[in-house]
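Accompanying notes for the structure given below.
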Amino acid sequence: MKTNYLLPQKFKSIGIVLLVPTLLMAVLYLFYDFELSFLDFRVFSIINEPIMGDAEHFKFIDDNITNELIAVFAILSLVFIAFSKRKVEDELVADIRLKSLLGATYINYLVLLFCILFFYNFTFMWVMMFNMFTLLLFFIIHFNFKMIQLNRK
Amino acid sequence: MKNSLKVERAKKDMTQAELAKLVNVSRQTINAIESGDYNLSTILALKISKVFQVNVKDIFLLEAKDL
């Protein structure tokens, strides 16, 4: 069976290689406010609303893009790991993939609903930040768990 | 859906891995079909019946609960 929209198999390795330094940088950034000084750039923003002051639209602003790069590489690496082809990609794997995506979506939004009801203010902002990645993360865990189960049979 | 895949394989003295290779799926997929854990596609059912040179209905049968 032909499975469309999957990335070539080698993207999984690329994703893993990308994810390791990205996670390291994310930990340093989140817990130690670590930013790479050579990543100070003048960047184009569609909307820039600082904590103090008015929102600006369609303007160039000065920013350190460490956090943006961490987010971009985290999403890319997780997408690469999640949606790259396996060595054997048949209709059963496609079925498990689809069910895992459904399961991960349910889990992700159940967790988010819980957080909406019980986490407030700044803590909820952290939840929203992590929620950018959790759907992919839940999918990867669910899918690989099911594949390990299948390979044991 | 019931199936007599195991019987058909035995008749031809064929392993799950050999059948899997012939129809271009993994051995685990053949195992999941045989144990009733997975309902295969029409295309795969036709491919399997072609390998055994029998009618699809001779291998795959609907059960009362499917109706």
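Residues in the structure tokens are named by chain (A, B, ... in the order shown) and by number from 1 within that chain; ligands are numbered from 1 in the order shown.
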
Which residues in stretch 23-66 of chain B does DSSP call helix (DSSP H, G or I)? List them as a list in words. Val23, Arg27, Gln28, Thr29, Ile30, Asn31, Ala32, Ile33, Glu34, Thr42, Ile43, Leu44, Ala45, Leu46, Lys47, Ile48, Ser49, Lys50, Val51, Phe52, Val56, Lys57, Asp58, Ile59, Ala64, Lys65 and Asp66 of chain B

Return the neighbours of chain B among the residues of chain A, cut-off 9 Å, counting only C-alpha atoms, as an MDAnalysis selection string. chainID A and resid 1 88:93 150:153

Using DSSP secondary structure from the backbone, list all strand (DSSP E) positions within chain B, as a PyMOL selection string. chain B and resi 2-3+60-61

Expected file contents, prior selection, N, CA and C atoms, as an mmCIF file, in the first residue's frame:
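Final output, part.cif:
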data_model
loop_
_atom_site.group_PDB
_atom_site.id
_atom_site.type_symbol
_atom_site.label_atom_id
_atom_site.label_comp_id
_atom_site.auth_asym_id
_atom_site.auth_seq_id
_atom_site.Cartn_x
_atom_site.Cartn_y
_atom_site.Cartn_z
ATOM 1 N N LYS B 2 -13.715 -13.830 9.990
ATOM 2 C CA LYS B 2 -12.892 -15.030 10.194
ATOM 3 C C LYS B 2 -11.980 -15.199 8.979
ATOM 4 N N ASN B 3 -10.907 -15.930 9.185
ATOM 5 C CA ASN B 3 -10.092 -16.242 8.016
ATOM 6 C C ASN B 3 -9.390 -17.589 8.180
ATOM 7 N N PHE B 60 -11.460 -15.453 3.478
ATOM 8 C CA PHE B 60 -12.016 -14.475 4.411
ATOM 9 C C PHE B 60 -13.539 -14.574 4.440
ATOM 10 N N LEU B 61 -14.061 -14.748 5.654
ATOM 11 C CA LEU B 61 -15.513 -14.922 5.814
ATOM 12 C C LEU B 61 -16.074 -13.943 6.839
#

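With distances taken over only C-alpha atoms, B:Lys47 is the one residue among B:Lys47, B:Ser35, B:Glu8, B:Met1 lying closest to B:Lys21.
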